[in-house]
Amino acid sequence: SLLSMINPQRMTILNFGSCTCPPFLRWLRKMDTLAAEYSPSNVDYRIVYITEAHPVDGWMGGQIGKKLLNAISGWGAPIQFDDVKHAQTLEDRLIAASKFVSGCDIDEDIVIVDGIEDEIEIKYEARPERIYVVQHGKILWR
C-alpha cells in the first residue's frame with residue numbers, strides 16, 4: 001500500500017501526476033521549491049507517478065504536445081514527453097516514469113510508481129490532479 005512506502009511519523013505531501021499532464025508539470029517546480037523549504041523539518045515530499053493523462057495514443061494525445069511544452073517552458077533544455085504512450089505493462093509505466101525523472105531532473109528516490117492496475121490512483125481518486133498531505137496513516141488534507 002502507499003502508506004507503507006512513507007514514514008508515518010513525518011508529514012508527507014503526496015503529489016500525483018504523470019509526464020503527460022500539463023497542470024501537474026506546470027506546478028511541479030513550485031512543489032519542488034515548497035518541498036525543499038520544508039523538507040529539512042518533519043515534512044517529506046513524494047511524487048506518485050500514475051497513469052498517463054494524455055498519452056500520444058490517448059485522449060487529446062496528438063494535440064497536447066504544445067500544452068506540455070508551455071507547461072514546462074523556462075526549464076532550460078527542451079523536454080519532450082509528447083511521444084509517451086499509454087502503458088500496457090508495468091515496464092512501460094516504469095519507462096515513462098524514468099523519462100519523467102530524467103527529463104525533469106527529479107530525485108528518483110521521491111518517486112513512487114503506481115502499478116499497472118492503477119491501485120493507488122483508484123484508491124486516492126487521483127484524477128485529474130491531486131495533492132494529499134498525510135501523517136500517521138491519516139489524510140490531513142486533499
# chains A, B, ... in the order shown; residues from 1 in each chain; ligands from 1
>>> residues_around(residues="A:Leu34", least_positions_apart="3", cutoff="12 Å", atoms="only C-alpha atoms", output="NGL selection string")
:A and (13 or 15 or 27-31 or 37-40 or 43-45)
>>> write_last_selection(atoms="N, CA and C atoms", output="CSV table (one decimal), in the first residue's frame")
chain,number,residue,atom,x,y,z
A,13,ILE,N,3.8,15.1,1.9
A,13,ILE,CA,3.0,15.7,0.8
A,13,ILE,C,3.1,14.7,-0.4
A,15,ASN,N,2.1,14.1,-4.2
A,15,ASN,CA,1.7,14.9,-5.5
A,15,ASN,C,1.6,13.8,-6.6
A,27,TRP,N,2.9,22.9,-12.2
A,27,TRP,CA,3.1,23.1,-10.7
A,27,TRP,C,4.3,22.4,-10.1
A,28,LEU,N,4.9,21.5,-10.9
A,28,LEU,CA,6.0,20.7,-10.4
A,28,LEU,C,7.1,21.5,-9.8
A,29,ARG,N,7.6,22.5,-10.4
A,29,ARG,CA,8.7,23.3,-9.9
A,29,ARG,C,8.3,24.0,-8.6
A,30,LYS,N,7.1,24.5,-8.6
A,30,LYS,CA,6.7,25.2,-7.4
A,30,LYS,C,6.6,24.2,-6.2
A,31,MET,N,6.1,23.0,-6.5
A,31,MET,CA,6.0,22.0,-5.4
A,31,MET,C,7.4,21.6,-5.0
A,37,GLU,N,11.9,23.7,0.9
A,37,GLU,CA,11.8,24.6,2.0
A,37,GLU,C,11.4,23.9,3.3
A,38,TYR,N,10.5,23.0,3.2
A,38,TYR,CA,10.0,22.3,4.4
A,38,TYR,C,10.6,20.9,4.7
A,39,SER,N,11.3,20.4,3.8
A,39,SER,CA,11.8,19.0,3.9
A,39,SER,C,12.8,18.9,5.1
A,40,PRO,N,13.7,19.8,5.4
A,40,PRO,CA,14.6,19.6,6.5
A,40,PRO,C,13.8,19.5,7.8
A,43,VAL,N,8.8,17.2,7.2
A,43,VAL,CA,7.9,17.1,6.0
A,43,VAL,C,8.6,16.4,4.9
A,44,ASP,N,8.0,15.3,4.4
A,44,ASP,CA,8.6,14.6,3.2
A,44,ASP,C,7.7,14.9,2.0
A,45,TYR,N,8.3,14.8,0.9
A,45,TYR,CA,7.6,15.1,-0.4
A,45,TYR,C,7.8,13.8,-1.3
>>> closest_residue(among="A:Ile139, A:Ser41, A:Thr20, A:Gln9", to="A:Ala87", atoms="only C-alpha atoms")
A:Thr20
>>> atom_distance(atom1="atom CA of A:Ser102", atom2="atom CA of A:Trp141")
29.3 Å
>>> select_by_dssp(residues="chain A", states="helix (DSSP H, G or I)", output="VMD selection string")
chain A and resid 2 to 5 22 to 38 65 to 71 90 to 103 108 to 110 119 to 124
>>> select_by_dssp(residues="chain A", states="strand (DSSP E or B)", output="mmCIF file with N, CA and C atoms, in the first residue's frame")
data_model
loop_
_atom_site.group_PDB
_atom_site.id
_atom_site.type_symbol
_atom_site.label_atom_id
_atom_site.label_comp_id
_atom_site.auth_asym_id
_atom_site.auth_seq_id
_atom_site.Cartn_x
_atom_site.Cartn_y
_atom_site.Cartn_z
ATOM 1 N N MET A 11 5.109 14.130 8.386
ATOM 2 C CA MET A 11 4.080 14.616 7.478
ATOM 3 C C MET A 11 4.609 14.437 6.057
ATOM 4 N N THR A 12 3.757 13.960 5.161
ATOM 5 C CA THR A 12 4.180 13.716 3.786
ATOM 6 C C THR A 12 3.217 14.366 2.813
ATOM 7 N N ILE A 13 3.775 15.106 1.862
ATOM 8 C CA ILE A 13 2.998 15.668 0.765
ATOM 9 C C ILE A 13 3.078 14.674 -0.379
ATOM 10 N N LEU A 14 1.918 14.229 -0.858
ATOM 11 C CA LEU A 14 1.851 13.315 -2.000
ATOM 12 C C LEU A 14 1.329 14.094 -3.191
ATOM 13 N N ASN A 15 2.108 14.144 -4.238
ATOM 14 C CA ASN A 15 1.742 14.866 -5.456
ATOM 15 C C ASN A 15 1.561 13.824 -6.561
ATOM 16 N N PHE A 16 0.335 13.647 -7.034
ATOM 17 C CA PHE A 16 0.012 12.631 -8.035
ATOM 18 C C PHE A 16 0.063 13.230 -9.429
ATOM 19 N N GLY A 17 0.689 12.522 -10.385
ATOM 20 C CA GLY A 17 0.706 13.019 -11.752
ATOM 21 C C GLY A 17 1.522 12.141 -12.678
ATOM 22 N N VAL A 43 8.755 17.247 7.188
ATOM 23 C CA VAL A 43 7.875 17.078 6.033
ATOM 24 C C VAL A 43 8.634 16.384 4.907
ATOM 25 N N ASP A 44 8.041 15.310 4.391
ATOM 26 C CA ASP A 44 8.593 14.614 3.230
ATOM 27 C C ASP A 44 7.737 14.936 2.012
ATOM 28 N N TYR A 45 8.315 14.790 0.860
ATOM 29 C CA TYR A 45 7.619 15.050 -0.397
ATOM 30 C C TYR A 45 7.788 13.834 -1.287
ATOM 31 N N ARG A 46 6.673 13.336 -1.823
ATOM 32 C CA ARG A 46 6.706 12.200 -2.730
ATOM 33 C C ARG A 46 5.841 12.495 -3.948
ATOM 34 N N ILE A 47 6.337 12.067 -5.090
ATOM 35 C CA ILE A 47 5.561 12.119 -6.325
ATOM 36 C C ILE A 47 5.049 10.712 -6.585
ATOM 37 N N VAL A 48 3.755 10.587 -6.798
ATOM 38 C CA VAL A 48 3.169 9.297 -7.128
ATOM 39 C C VAL A 48 2.882 9.319 -8.623
ATOM 40 N N TYR A 49 3.650 8.531 -9.356
ATOM 41 C CA TYR A 49 3.529 8.509 -10.816
ATOM 42 C C TYR A 49 2.372 7.589 -11.185
ATOM 43 N N VAL A 111 10.072 9.314 -6.007
ATOM 44 C CA VAL A 111 9.013 8.900 -6.927
ATOM 45 C C VAL A 111 8.531 7.492 -6.591
ATOM 46 N N ILE A 112 7.220 7.371 -6.428
ATOM 47 C CA ILE A 112 6.555 6.085 -6.221
ATOM 48 C C ILE A 112 5.741 5.828 -7.484
ATOM 49 N N VAL A 113 5.964 4.706 -8.130
ATOM 50 C CA VAL A 113 5.263 4.401 -9.380
ATOM 51 C C VAL A 113 4.094 3.467 -9.084
ATOM 52 N N ARG A 130 -4.150 15.672 -8.074
ATOM 53 C CA ARG A 130 -4.392 15.609 -6.638
ATOM 54 C C ARG A 130 -3.102 15.832 -5.871
ATOM 55 N N ILE A 131 -3.269 16.504 -4.742
ATOM 56 C CA ILE A 131 -2.200 16.645 -3.765
ATOM 57 C C ILE A 131 -2.801 16.275 -2.424
ATOM 58 N N TYR A 132 -2.137 15.398 -1.709
ATOM 59 C CA TYR A 132 -2.579 14.972 -0.388
ATOM 60 C C TYR A 132 -1.495 15.287 0.625
ATOM 61 N N VAL A 133 -1.918 15.535 1.865
ATOM 62 C CA VAL A 133 -0.999 15.628 2.988
ATOM 63 C C VAL A 133 -1.423 14.533 3.962
ATOM 64 N N VAL A 134 -0.488 13.643 4.290
ATOM 65 C CA VAL A 134 -0.804 12.534 5.192
ATOM 66 C C VAL A 134 0.197 12.490 6.346
ATOM 67 N N GLN A 135 -0.276 11.960 7.480
ATOM 68 C CA GLN A 135 0.591 11.730 8.634
ATOM 69 C C GLN A 135 -0.086 10.704 9.530
ATOM 70 N N LYS A 138 -3.136 8.870 8.251
ATOM 71 C CA LYS A 138 -4.398 9.597 8.044
ATOM 72 C C LYS A 138 -4.204 10.724 7.040
ATOM 73 N N ILE A 139 -5.231 10.943 6.229
ATOM 74 C CA ILE A 139 -5.216 12.051 5.288
ATOM 75 C C ILE A 139 -5.587 13.317 6.042
ATOM 76 N N LEU A 140 -4.674 14.279 6.065
ATOM 77 C CA LEU A 140 -4.918 15.552 6.747
ATOM 78 C C LEU A 140 -5.524 16.594 5.826
ATOM 79 N N TRP A 141 -5.169 16.497 4.536
ATOM 80 C CA TRP A 141 -5.656 17.479 3.558
ATOM 81 C C TRP A 141 -5.601 16.890 2.170
#
>>> closest_residue(among="A:Glu108, A:Arg10, A:Asp92, A:Gly115", to="A:Asn42", atoms="only C-alpha atoms")
A:Arg10
>>> residues_around(residues="A:Phe100", least_positions_apart="3", cutoff="8 Å", atoms="only C-alpha atoms", output="ChimeraX atom specification")
/A:18-19,81,96-97,103-106
>>> write_last_selection(atoms="N, CA and C atoms", output="PDB file, in the first residue's frame")
ATOM      1  N   SER A  18       1.623  12.609 -13.920  1.00  0.00           N
ATOM      2  CA  SER A  18       2.398  11.897 -14.937  1.00  0.00           C
ATOM      3  C   SER A  18       3.018  12.926 -15.880  1.00  0.00           C
ATOM      4  N   CYS A  19       3.904  12.455 -16.735  1.00  0.00           N
ATOM      5  CA  CYS A  19       4.628  13.384 -17.609  1.00  0.00           C
ATOM      6  C   CYS A  19       3.774  13.877 -18.778  1.00  0.00           C
ATOM      7  N   PHE A  81       7.887  15.070 -23.957  1.00  0.00           N
ATOM      8  CA  PHE A  81       7.077  13.978 -23.433  1.00  0.00           C
ATOM      9  C   PHE A  81       5.937  13.638 -24.381  1.00  0.00           C
ATOM     10  N   ALA A  96       8.218   5.272 -18.713  1.00  0.00           N
ATOM     11  CA  ALA A  96       7.687   6.644 -18.747  1.00  0.00           C
ATOM     12  C   ALA A  96       8.096   7.402 -17.482  1.00  0.00           C
ATOM     13  N   ALA A  97       8.022   6.742 -16.334  1.00  0.00           N
ATOM     14  CA  ALA A  97       8.417   7.383 -15.079  1.00  0.00           C
ATOM     15  C   ALA A  97       9.901   7.734 -15.093  1.00  0.00           C
ATOM     16  N   GLY A 103      14.008  13.718 -17.425  1.00  0.00           N
ATOM     17  CA  GLY A 103      13.644  14.928 -18.157  1.00  0.00           C
ATOM     18  C   GLY A 103      13.372  16.128 -17.272  1.00  0.00           C
ATOM     19  N   CYS A 104      12.839  15.878 -16.083  1.00  0.00           N
ATOM     20  CA  CYS A 104      12.514  16.974 -15.162  1.00  0.00           C
ATOM     21  C   CYS A 104      13.542  17.131 -14.052  1.00  0.00           C
ATOM     22  N   ASP A 105      14.612  16.318 -14.105  1.00  0.00           N
ATOM     23  CA  ASP A 105      15.669  16.372 -13.103  1.00  0.00           C
ATOM     24  C   ASP A 105      15.105  16.211 -11.696  1.00  0.00           C
ATOM     25  N   ILE A 106      14.330  15.137 -11.519  1.00  0.00           N
ATOM     26  CA  ILE A 106      13.702  14.816 -10.238  1.00  0.00           C
ATOM     27  C   ILE A 106      14.529  13.731  -9.551  1.00  0.00           C
TER      28      ILE A 106
END
>>> closest_residue(among="A:Glu52, A:Arg93, A:Asp57, A:Ile110", to="A:Ala126", atoms="only C-alpha atoms")
A:Glu52
>>> closest_residue(among="A:Cys21, A:Lys123, A:His136, A:Ile50", to="A:Ile6", atoms="only C-alpha atoms")
A:His136
>>> decode(residues="stretch 81-94 of chain A", atoms="N, CA, C and O atoms", output="PDB file, in the first residue's frame")
ATOM      1  N   PHE A  81       7.887  15.070 -23.957  1.00  0.00           N
ATOM      2  CA  PHE A  81       7.077  13.978 -23.433  1.00  0.00           C
ATOM      3  C   PHE A  81       5.937  13.638 -24.381  1.00  0.00           C
ATOM      4  O   PHE A  81       5.072  12.857 -24.042  1.00  0.00           O
ATOM      5  N   ASP A  82       5.917  14.262 -25.561  1.00  0.00           N
ATOM      6  CA  ASP A  82       4.782  14.071 -26.460  1.00  0.00           C
ATOM      7  C   ASP A  82       4.833  12.764 -27.242  1.00  0.00           C
ATOM      8  O   ASP A  82       4.001  12.512 -28.094  1.00  0.00           O
ATOM      9  N   ASP A  83       5.790  11.897 -26.918  1.00  0.00           N
ATOM     10  CA  ASP A  83       5.841  10.579 -27.553  1.00  0.00           C
ATOM     11  C   ASP A  83       5.491   9.455 -26.578  1.00  0.00           C
ATOM     12  O   ASP A  83       5.557   8.280 -26.918  1.00  0.00           O
ATOM     13  N   VAL A  84       5.082   9.811 -25.358  1.00  0.00           N
ATOM     14  CA  VAL A  84       4.768   8.813 -24.343  1.00  0.00           C
ATOM     15  C   VAL A  84       3.396   8.204 -24.624  1.00  0.00           C
ATOM     16  O   VAL A  84       2.409   8.913 -24.776  1.00  0.00           O
ATOM     17  N   LYS A  85       3.363   6.876 -24.679  1.00  0.00           N
ATOM     18  CA  LYS A  85       2.125   6.148 -24.958  1.00  0.00           C
ATOM     19  C   LYS A  85       1.498   5.625 -23.665  1.00  0.00           C
ATOM     20  O   LYS A  85       2.154   5.570 -22.626  1.00  0.00           O
ATOM     21  N   HIS A  86       0.233   5.233 -23.763  1.00  0.00           N
ATOM     22  CA  HIS A  86      -0.449   4.606 -22.634  1.00  0.00           C
ATOM     23  C   HIS A  86       0.269   3.308 -22.284  1.00  0.00           C
ATOM     24  O   HIS A  86       0.548   2.491 -23.163  1.00  0.00           O
ATOM     25  N   ALA A  87       0.593   3.122 -21.018  1.00  0.00           N
ATOM     26  CA  ALA A  87       1.326   1.941 -20.584  1.00  0.00           C
ATOM     27  C   ALA A  87       0.451   0.695 -20.683  1.00  0.00           C
ATOM     28  O   ALA A  87      -0.665   0.672 -20.165  1.00  0.00           O
ATOM     29  N   GLN A  88       0.978  -0.319 -21.331  1.00  0.00           N
ATOM     30  CA  GLN A  88       0.288  -1.606 -21.415  1.00  0.00           C
ATOM     31  C   GLN A  88       0.816  -2.583 -20.358  1.00  0.00           C
ATOM     32  O   GLN A  88       0.134  -3.542 -20.009  1.00  0.00           O
ATOM     33  N   THR A  89       2.025  -2.321 -19.900  1.00  0.00           N
ATOM     34  CA  THR A  89       2.664  -3.182 -18.897  1.00  0.00           C
ATOM     35  C   THR A  89       3.304  -2.300 -17.831  1.00  0.00           C
ATOM     36  O   THR A  89       3.498  -1.091 -18.031  1.00  0.00           O
ATOM     37  N   LEU A  90       3.663  -2.919 -16.714  1.00  0.00           N
ATOM     38  CA  LEU A  90       4.365  -2.178 -15.679  1.00  0.00           C
ATOM     39  C   LEU A  90       5.695  -1.664 -16.210  1.00  0.00           C
ATOM     40  O   LEU A  90       6.109  -0.550 -15.890  1.00  0.00           O
ATOM     41  N   GLU A  91       6.356  -2.438 -17.051  1.00  0.00           N
ATOM     42  CA  GLU A  91       7.621  -1.994 -17.638  1.00  0.00           C
ATOM     43  C   GLU A  91       7.423  -0.710 -18.447  1.00  0.00           C
ATOM     44  O   GLU A  91       8.239   0.218 -18.366  1.00  0.00           O
ATOM     45  N   ASP A  92       6.326  -0.612 -19.205  1.00  0.00           N
ATOM     46  CA  ASP A  92       6.020   0.614 -19.955  1.00  0.00           C
ATOM     47  C   ASP A  92       5.894   1.805 -19.008  1.00  0.00           C
ATOM     48  O   ASP A  92       6.412   2.882 -19.282  1.00  0.00           O
ATOM     49  N   ARG A  93       5.186   1.606 -17.892  1.00  0.00           N
ATOM     50  CA  ARG A  93       4.991   2.707 -16.940  1.00  0.00           C
ATOM     51  C   ARG A  93       6.314   3.092 -16.296  1.00  0.00           C
ATOM     52  O   ARG A  93       6.593   4.277 -16.098  1.00  0.00           O
ATOM     53  N   LEU A  94       7.133   2.114 -15.983  1.00  0.00           N
ATOM     54  CA  LEU A  94       8.440   2.405 -15.390  1.00  0.00           C
ATOM     55  C   LEU A  94       9.329   3.178 -16.360  1.00  0.00           C
ATOM     56  O   LEU A  94      10.072   4.079 -15.949  1.00  0.00           O
TER      57      LEU A  94
END
